[in-house]
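A.B. asks: The following file, work-v7.cif, comprises mmCIF, C-alpha atoms:
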data_input
loop_
_atom_site.label_atom_id
_atom_site.label_comp_id
_atom_site.auth_asym_id
_atom_site.auth_seq_id
_atom_site.Cartn_x
_atom_site.Cartn_y
_atom_site.Cartn_z
CA MET A 1 -8.98 38.32 -50.06
CA PRO A 2 -7.06 39.03 -53.28
CA GLU A 3 -4.43 36.33 -53.76
CA LEU A 4 -1.30 36.08 -55.89
CA PRO A 5 -3.01 36.29 -59.32
CA GLU A 6 -5.15 39.27 -58.32
CA VAL A 7 -2.24 41.18 -56.77
CA GLU A 8 -0.05 40.38 -59.77
CA THR A 9 -2.76 41.74 -62.06
CA VAL A 10 -2.97 44.93 -60.00
CA ALA A 11 0.83 45.29 -60.07
CA ARG A 12 0.82 45.06 -63.84
CA SER A 13 -2.06 47.52 -64.14
CA ILE A 14 -0.21 50.20 -62.14
CA ALA A 15 3.09 49.67 -64.00
CA PRO A 16 2.74 53.14 -65.63
CA LEU A 17 3.49 54.66 -62.20
CA VAL A 18 7.15 53.66 -62.41
CA GLY A 19 9.16 56.85 -62.81
CA ARG A 20 6.35 59.09 -61.62
CA ARG A 21 7.03 61.65 -58.86
CA ILE A 22 4.70 61.89 -55.87
CA VAL A 23 3.44 65.46 -55.56
CA SER A 24 1.32 64.96 -52.45
CA ALA A 25 -0.51 62.34 -50.42
CA GLU A 26 -3.63 62.48 -48.29
CA PHE A 27 -4.73 59.80 -45.83
CA ARG A 28 -8.28 59.78 -44.54
CA SER A 29 -8.18 56.76 -42.23
CA LEU A 30 -5.76 55.77 -39.47
CA ARG A 31 -6.89 52.14 -39.73
CA ILE A 32 -5.11 51.52 -43.03
CA LEU A 33 -1.81 53.09 -41.94
CA ARG A 34 0.99 51.00 -40.48
CA GLY A 35 3.47 53.19 -38.65
CA GLY A 36 3.50 56.96 -38.72
CA ASP A 37 0.72 59.49 -38.63
CA PRO A 38 -1.15 60.71 -41.73
CA ASP A 39 0.65 64.05 -41.89
CA GLY A 40 4.04 62.48 -41.27
CA MET A 41 3.54 59.84 -43.94
CA ALA A 42 2.30 62.42 -46.42
CA ALA A 43 5.39 64.55 -45.77
CA GLY A 44 7.62 61.49 -46.14
CA LEU A 45 6.18 60.70 -49.57
CA ALA A 46 6.05 64.18 -51.09
CA GLY A 47 8.65 64.74 -53.77
CA ARG A 48 9.79 61.10 -53.97
CA ARG A 49 9.82 59.16 -57.20
CA ILE A 50 8.54 55.60 -57.66
CA ALA A 51 11.44 53.46 -58.86
CA GLY A 52 9.61 50.17 -59.37
CA ILE A 53 6.58 48.02 -58.60
CA LYS A 54 6.84 44.39 -57.55
CA ARG A 55 4.54 41.82 -56.02
CA TYR A 56 5.76 39.80 -53.04
CA GLY A 57 3.11 37.21 -52.29
CA LYS A 58 -0.05 39.21 -51.57
CA PHE A 59 1.89 42.45 -51.01
CA LEU A 60 2.71 45.25 -53.43
CA VAL A 61 6.12 46.81 -52.87
CA MET A 62 7.15 50.07 -54.53
CA PRO A 63 10.84 50.96 -54.11
CA LEU A 64 11.46 54.71 -54.06
CA GLU A 65 14.40 56.50 -55.67
CA GLY A 66 16.99 57.32 -53.05
CA GLY A 67 15.77 54.55 -50.73
CA GLY A 68 12.59 53.59 -48.96
CA TYR A 69 9.56 51.52 -49.89
CA ILE A 70 5.80 51.84 -50.12
CA LEU A 71 4.16 48.62 -48.95
CA ILE A 72 0.49 47.96 -49.73
CA HIS A 73 -1.71 45.04 -48.73
CA LEU A 74 -5.22 44.95 -50.16
CA GLY A 75 -6.74 43.04 -47.24
CA MET A 76 -10.24 41.75 -47.91
CA THR A 77 -11.74 44.59 -49.94
CA GLY A 78 -8.88 46.94 -50.82
CA ARG A 79 -8.62 48.34 -54.35
CA LEU A 80 -5.97 50.47 -56.04
CA LEU A 81 -7.46 52.67 -58.74
CA LEU A 82 -5.75 54.94 -61.24
CA ASP A 83 -7.54 58.24 -61.83
CA GLY A 84 -10.79 56.81 -60.46
CA PRO A 85 -13.59 58.66 -58.69
CA ILE A 86 -13.06 59.54 -55.03
CA GLY A 87 -15.75 57.98 -52.86
CA LYS A 88 -16.67 57.41 -49.22
CA HIS A 89 -14.34 54.40 -49.02
CA THR A 90 -11.33 56.22 -50.50
CA HIS A 91 -8.79 56.29 -47.66
CA ALA A 92 -5.60 57.30 -49.48
CA ILE A 93 -5.10 59.75 -52.34
CA VAL A 94 -1.62 59.87 -53.87
CA THR A 95 -1.28 62.67 -56.41
CA LEU A 96 1.54 62.19 -58.91
CA ASP A 97 3.12 64.46 -61.48
CA GLU A 98 0.94 62.52 -63.92
CA GLY A 99 -2.19 60.84 -62.58
CA VAL A 100 -3.70 60.02 -59.19
CA LEU A 101 -3.55 56.70 -57.33
CA LEU A 102 -6.45 55.95 -54.97
CA PHE A 103 -6.68 53.32 -52.25
CA ASP A 104 -10.28 52.26 -51.61
CA ASP A 105 -11.16 49.82 -48.85
CA SER A 106 -14.71 49.46 -47.57
CA ARG A 107 -13.79 47.17 -44.64
CA GLN A 108 -10.39 48.79 -43.96
CA PHE A 109 -8.51 45.53 -43.44
CA GLY A 110 -5.89 46.59 -45.99
CA SER A 111 -2.78 48.57 -45.17
CA PHE A 112 -0.53 51.32 -46.54
CA GLN A 113 2.98 51.69 -45.16
CA LEU A 114 6.09 53.78 -45.81
CA SER A 115 9.29 52.06 -44.71
CA GLU A 116 12.85 53.27 -45.08
CA GLU A 117 14.10 49.66 -44.91
CA PHE A 118 12.85 46.64 -46.84
CA PRO A 119 9.74 45.67 -44.80
CA ALA A 120 10.46 42.84 -42.36
CA ARG A 121 7.00 41.29 -42.74
CA VAL A 122 7.69 40.84 -46.46
CA ALA A 123 11.23 39.57 -45.94
CA ARG A 124 9.87 36.80 -43.68
CA LEU A 125 7.61 35.37 -46.39
CA GLY A 126 8.32 32.02 -48.02
CA PRO A 127 9.49 31.44 -51.60
CA GLU A 128 7.66 32.63 -54.70
CA PRO A 129 5.50 29.72 -55.94
CA LEU A 130 6.16 30.57 -59.59
CA GLU A 131 9.93 30.48 -59.04
CA ILE A 132 10.57 27.67 -56.55
CA SER A 133 12.13 24.52 -58.04
CA LEU A 134 10.48 21.10 -57.85
CA ALA A 135 13.37 19.85 -55.73
CA ASP A 136 12.98 22.66 -53.17
CA PHE A 137 9.19 22.28 -53.13
CA THR A 138 9.44 18.54 -52.50
CA ALA A 139 12.05 19.01 -49.80
CA ALA A 140 9.84 21.57 -48.06
CA LEU A 141 6.86 19.18 -48.09
CA LYS A 142 8.95 16.56 -46.27
CA ARG A 143 9.57 18.96 -43.38
CA HIS A 144 5.89 19.41 -42.51
CA LYS A 145 3.45 17.03 -40.80
CA THR A 146 0.45 19.32 -41.13
CA ARG A 147 -2.56 19.02 -43.46
CA ILE A 148 -1.59 20.00 -46.98
CA LYS A 149 -4.39 22.58 -47.31
CA ALA A 150 -3.23 24.34 -44.15
CA LEU A 151 0.37 24.25 -45.36
CA LEU A 152 -0.48 25.79 -48.72
CA LEU A 153 -2.13 28.69 -46.86
CA ASN A 154 0.99 29.21 -44.71
CA GLN A 155 2.76 32.25 -46.19
CA ARG A 156 6.09 31.06 -44.75
CA PHE A 157 5.78 27.94 -46.93
CA LEU A 158 4.80 29.68 -50.18
CA ARG A 159 3.95 33.34 -50.46
CA GLY A 160 0.74 34.39 -52.16
CA VAL A 161 -1.34 31.20 -52.27
CA GLY A 162 -4.74 31.57 -50.62
CA ASN A 163 -7.98 29.65 -50.28
CA ILE A 164 -9.08 29.80 -53.91
CA TYR A 165 -5.89 28.60 -55.52
CA ALA A 166 -5.04 26.06 -52.83
CA ASP A 167 -8.40 24.35 -53.46
CA GLU A 168 -7.98 24.51 -57.22
CA ALA A 169 -4.37 23.24 -57.18
CA LEU A 170 -5.25 20.31 -54.91
CA PHE A 171 -8.08 19.31 -57.23
CA ARG A 172 -5.79 19.34 -60.24
CA ALA A 173 -3.28 17.21 -58.37
CA GLY A 174 -5.96 14.77 -57.18
CA ILE A 175 -4.98 15.32 -53.54
CA HIS A 176 -7.44 15.48 -50.64
CA PRO A 177 -7.02 18.68 -48.57
CA MET A 178 -6.66 16.64 -45.35
CA THR A 179 -3.61 14.74 -46.63
CA ILE A 180 -0.53 15.06 -44.44
CA ALA A 181 2.08 17.09 -46.33
CA ASN A 182 5.15 14.93 -45.68
CA ARG A 183 3.36 11.87 -47.08
CA LEU A 184 3.36 13.46 -50.53
CA ARG A 185 6.34 12.02 -52.35
CA GLY A 186 7.46 11.44 -55.91
CA GLU A 187 4.69 11.67 -58.49
CA ARG A 188 2.11 13.11 -56.08
CA ALA A 189 4.48 15.91 -55.00
CA ARG A 190 5.25 16.65 -58.64
CA LYS A 191 1.55 16.82 -59.54
CA LEU A 192 0.90 19.28 -56.73
CA TYR A 193 3.87 21.42 -57.73
CA GLU A 194 2.63 21.53 -61.32
CA GLY A 195 -0.95 22.11 -60.19
CA VAL A 196 0.02 25.14 -58.09
CA GLN A 197 2.02 26.69 -60.91
CA ALA A 198 -0.54 25.94 -63.62
CA VAL A 199 -3.54 27.34 -61.76
CA LEU A 200 -1.67 30.50 -60.74
CA ARG A 201 -0.45 31.18 -64.28
CA GLU A 202 -3.88 30.56 -65.78
CA ALA A 203 -5.50 32.85 -63.22
CA ILE A 204 -2.99 35.61 -63.96
CA ASP A 205 -3.71 35.27 -67.67
CA ALA A 206 -7.43 35.64 -66.88
CA GLY A 207 -6.89 38.74 -64.74
CA GLY A 208 -7.61 36.94 -61.46
CA SER A 209 -10.89 35.90 -59.84
CA SER A 210 -13.50 38.60 -59.21
CA ILE A 211 -15.69 37.10 -56.49
CA SER A 212 -16.53 40.22 -54.46
CA ASP A 213 -14.75 43.59 -54.66
CA TYR A 214 -11.67 42.76 -56.67
CA VAL A 215 -10.85 44.80 -59.80
CA ASP A 216 -7.57 45.95 -61.30
CA ALA A 217 -6.40 49.58 -61.29
CA GLN A 218 -8.51 50.33 -64.35
CA GLY A 219 -11.64 49.00 -62.65
CA ARG A 220 -11.69 45.80 -64.74
CA LYS A 221 -12.86 42.51 -63.25
CA GLY A 222 -11.04 39.22 -63.69
CA PHE A 223 -12.51 36.14 -65.36
CA PHE A 224 -10.91 33.15 -63.65
CA GLN A 225 -13.93 32.66 -61.37
CA PHE A 226 -15.64 31.09 -64.39
CA SER A 227 -12.90 28.43 -64.48
CA HIS A 228 -13.10 27.36 -60.83
CA ARG A 229 -13.50 23.59 -60.64
CA VAL A 230 -14.16 23.18 -56.91
CA TYR A 231 -13.90 26.50 -55.07
CA GLN A 232 -17.34 27.55 -53.71
CA ARG A 233 -19.04 24.82 -55.78
CA THR A 234 -20.38 22.82 -52.83
CA GLY A 235 -23.07 20.40 -53.99
CA GLU A 236 -22.41 20.97 -57.67
CA PRO A 237 -21.18 18.08 -59.85
CA CYS A 238 -17.44 17.56 -60.26
CA VAL A 239 -16.33 18.62 -63.73
CA SER A 240 -14.38 15.37 -64.06
CA CYS A 241 -16.59 12.63 -62.54
CA GLY A 242 -19.95 14.19 -61.67
CA THR A 243 -19.68 13.52 -57.91
CA ALA A 244 -21.05 16.32 -55.73
CA ILE A 245 -18.35 18.73 -54.53
CA ARG A 246 -18.01 18.73 -50.75
CA ARG A 247 -16.92 21.36 -48.25
CA LEU A 248 -15.07 20.92 -44.97
CA VAL A 249 -13.29 23.29 -42.60
CA ILE A 250 -9.54 23.08 -42.03
CA THR A 251 -7.92 25.54 -39.60
CA GLN A 252 -11.06 27.71 -39.75
CA ARG A 253 -10.96 27.94 -43.55
CA SER A 254 -13.41 26.35 -45.97
CA SER A 255 -12.00 23.70 -48.29
CA HIS A 256 -13.82 22.50 -51.39
CA PHE A 257 -12.96 19.15 -52.98
CA CYS A 258 -14.21 16.16 -54.94
CA PRO A 259 -14.36 13.09 -52.65
CA LYS A 260 -13.87 10.76 -55.62
CA CYS A 261 -11.13 12.52 -57.58
CA GLN A 262 -9.06 13.66 -54.57
CA ARG A 263 -7.57 10.97 -52.35
CA ARG A 264 -5.47 11.09 -49.21
#
Just dump the structure as structure tokens.

C.D. replies:
Amino acid sequence: MPELPEVETVARSIAPLVGRRIVSAEFRSLRILRGGDPDGMAAGLAGRRIAGIKRYGKFLVMPLEGGGYILIHLGMTGRLLLDGPIGKHTHAIVTLDEGVLLFDDSRQFGSFQLSEEFPARVARLGPEPLEISLADFTAALKRHKTRIKALLLNQRFLRGVGNIYADEALFRAGIHPMTIANRLRGERARKLYEGVQAVLREAIDAGGSSISDYVDAQGRKGFFQFSHRVYQRTGEPCVSCGTAIRRLVITQRSSHFCPKCQRR
């Protein structure tokens, strides 16, 4: 699933849509729509102008002039493409006064929504990991007795962090994924805070991680997958100490870590 760096890269790649007027919209799948029928949503979008584009965690939010919001989640395989070819997995076609925005999703786990109010499921998300202060991050850790890997995946704790960047941040901080969150104090909490921010910023600079279907709106892949230090490297030598990377499952999600460099 595209995580914060990938969604941020997509948001930046569709920035030219700000100020564009929606001429028409066509929806070819009910599965990707949240609320409303295809014809009703198309009618609700026609003639409206995109006032902005912002990422909230793993969501893309487009405020519309005069009120209302387009909310898009890419799911597992969703892709937003500008002026790309229409294919069998193209489930939304938004024609603008200049250009066409396509929503492709082979598995149809993504979603497209028109909301007249700021979407509640976005408002409920936790703080932005690139904006939260060290003091607030540390205080939040103290309130949770769960495993730190599970907590990092909790979108109410931080919005946008997923499996890739949780694994990579924990490695940089030298913290085992099974560590109980509220036991992380002082220097260890600071290292995790810095690890989360550093890995997210580096991944954004690299255009995200292209592991399966992810590309930006121009069809370009990211490059951060070549910088992964533990994610999906089970059995390979640790880049720091040479110990074989291990994998375990926490709350039904794979976690990759170095048993020597990461301690509880």

A.B. asks: Run through the PyMOL selection byres ((chain A and resi 155-159) around 9) on the given coordinates and return the selected residues as a list of chain:residue names.

C.D. replies: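 Answer for the PyMOL selection byres ((chain A and resi 155-159) around 9): A:Leu4, A:Tyr56, A:Gly57, A:Lys58, A:Arg124, A:Leu125, A:Gly126, A:Pro127, A:Glu128, A:Pro129, A:Ile132, A:Ala140, A:Leu141, A:Leu151, A:Leu152, A:Leu153, A:Asn154, A:Gly160, A:Val161, A:Gly162.
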
A.B. asks: Name the residues that the PyMOL selection byres ((chain A and resi 104) around 10) picks from the file above, as a ChimeraX atom specification, using the file's chain letters and numbers.

C.D. replies: /A:74,77-81,84,86-93,101-103,105-108,110

A.B. asks: Please, which residues in stretch 161-221 of chain A fall within 8 Å of stretch 241-261 of chain A when counting only C-alpha atoms, and what is the closest atom pair and distance in Å to one decimal for each, ordered by chain then residue number, as CSV?

C.D. replies:
residue,atom,partner,partner_atom,distance
A:Asn163,CA,A:Ser255,CA,7.5
A:Asp167,CA,A:His256,CA,6.1
A:Phe171,CA,A:Phe257,CA,6.5
A:Gly174,CA,A:Cys261,CA,5.7
A:Ile175,CA,A:Cys261,CA,7.9
A:His176,CA,A:Phe257,CA,7.0
A:Pro177,CA,A:Ser255,CA,7.1
A:Met178,CA,A:Ile250,CA,7.8

A.B. asks: If the PyMOL selection byres ((chain A and resi 7-13) around 7) is run on the structure shown, which residues does it catch, given as a tab-separated table (two decimals) with C-alpha atoms, in the coordinates of the input?

C.D. replies:
chain	number	residue	atom	x	y	z
A	2	PRO	CA	-7.06	39.03	-53.28
A	3	GLU	CA	-4.43	36.33	-53.76
A	4	LEU	CA	-1.30	36.08	-55.89
A	5	PRO	CA	-3.01	36.29	-59.32
A	6	GLU	CA	-5.15	39.27	-58.32
A	14	ILE	CA	-0.21	50.20	-62.14
A	15	ALA	CA	3.09	49.67	-64.00
A	53	ILE	CA	6.58	48.02	-58.60
A	54	LYS	CA	6.84	44.39	-57.55
A	55	ARG	CA	4.54	41.82	-56.02
A	58	LYS	CA	-0.05	39.21	-51.57
A	60	LEU	CA	2.71	45.25	-53.43
A	204	ILE	CA	-2.99	35.61	-63.96
A	207	GLY	CA	-6.89	38.74	-64.74
A	208	GLY	CA	-7.61	36.94	-61.46
A	216	ASP	CA	-7.57	45.95	-61.30
A	217	ALA	CA	-6.40	49.58	-61.29

A.B. asks: Would you work out the distance separating atom CA of A:Ser29 from atom CA of A:Asp83, expressed in Å to one decimal?

C.D. replies: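 The value is 19.7 Å.
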
A.B. asks: Between atom CA of A:Tyr214 and atom CA of A:Glu65, what is the distance in Å, rounded to a tenth?

C.D. replies: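 Taking atom CA of A:Tyr214 as the start and atom CA of A:Glu65 as the end point, the length is 29.5 Å.
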
A.B. asks: Using Å and a single decimal, report how far atom CA of A:Phe112 sits from atom CA of A:Pro85.

C.D. replies: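 Computing the Euclidean distance for atom CA of A:Pro85 and atom CA of A:Phe112 yields 19.3 Å.
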
A.B. asks: Can you tell me, as lines of an AutoDock Vina configuration file, the centre and edge lengths (Å, one decimal) of the axis-aligned box enclosing all of stretch 50-59 of chain A's listed atoms after padding each side by 3 Å?

C.D. replies:
center_x = 5.7
center_y = 46.4
center_z = -55.2
size_x = 17.5
size_y = 24.4
size_z = 14.4

A.B. asks: Looking at all atoms listed in the file, which of A:Gly75, A:Ser240, A:Lys149, A:Glu117 is the one that sits closest to A:Asp213?

C.D. replies: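 Closest to A:Asp213, using all atoms listed in the file: A:Gly75.
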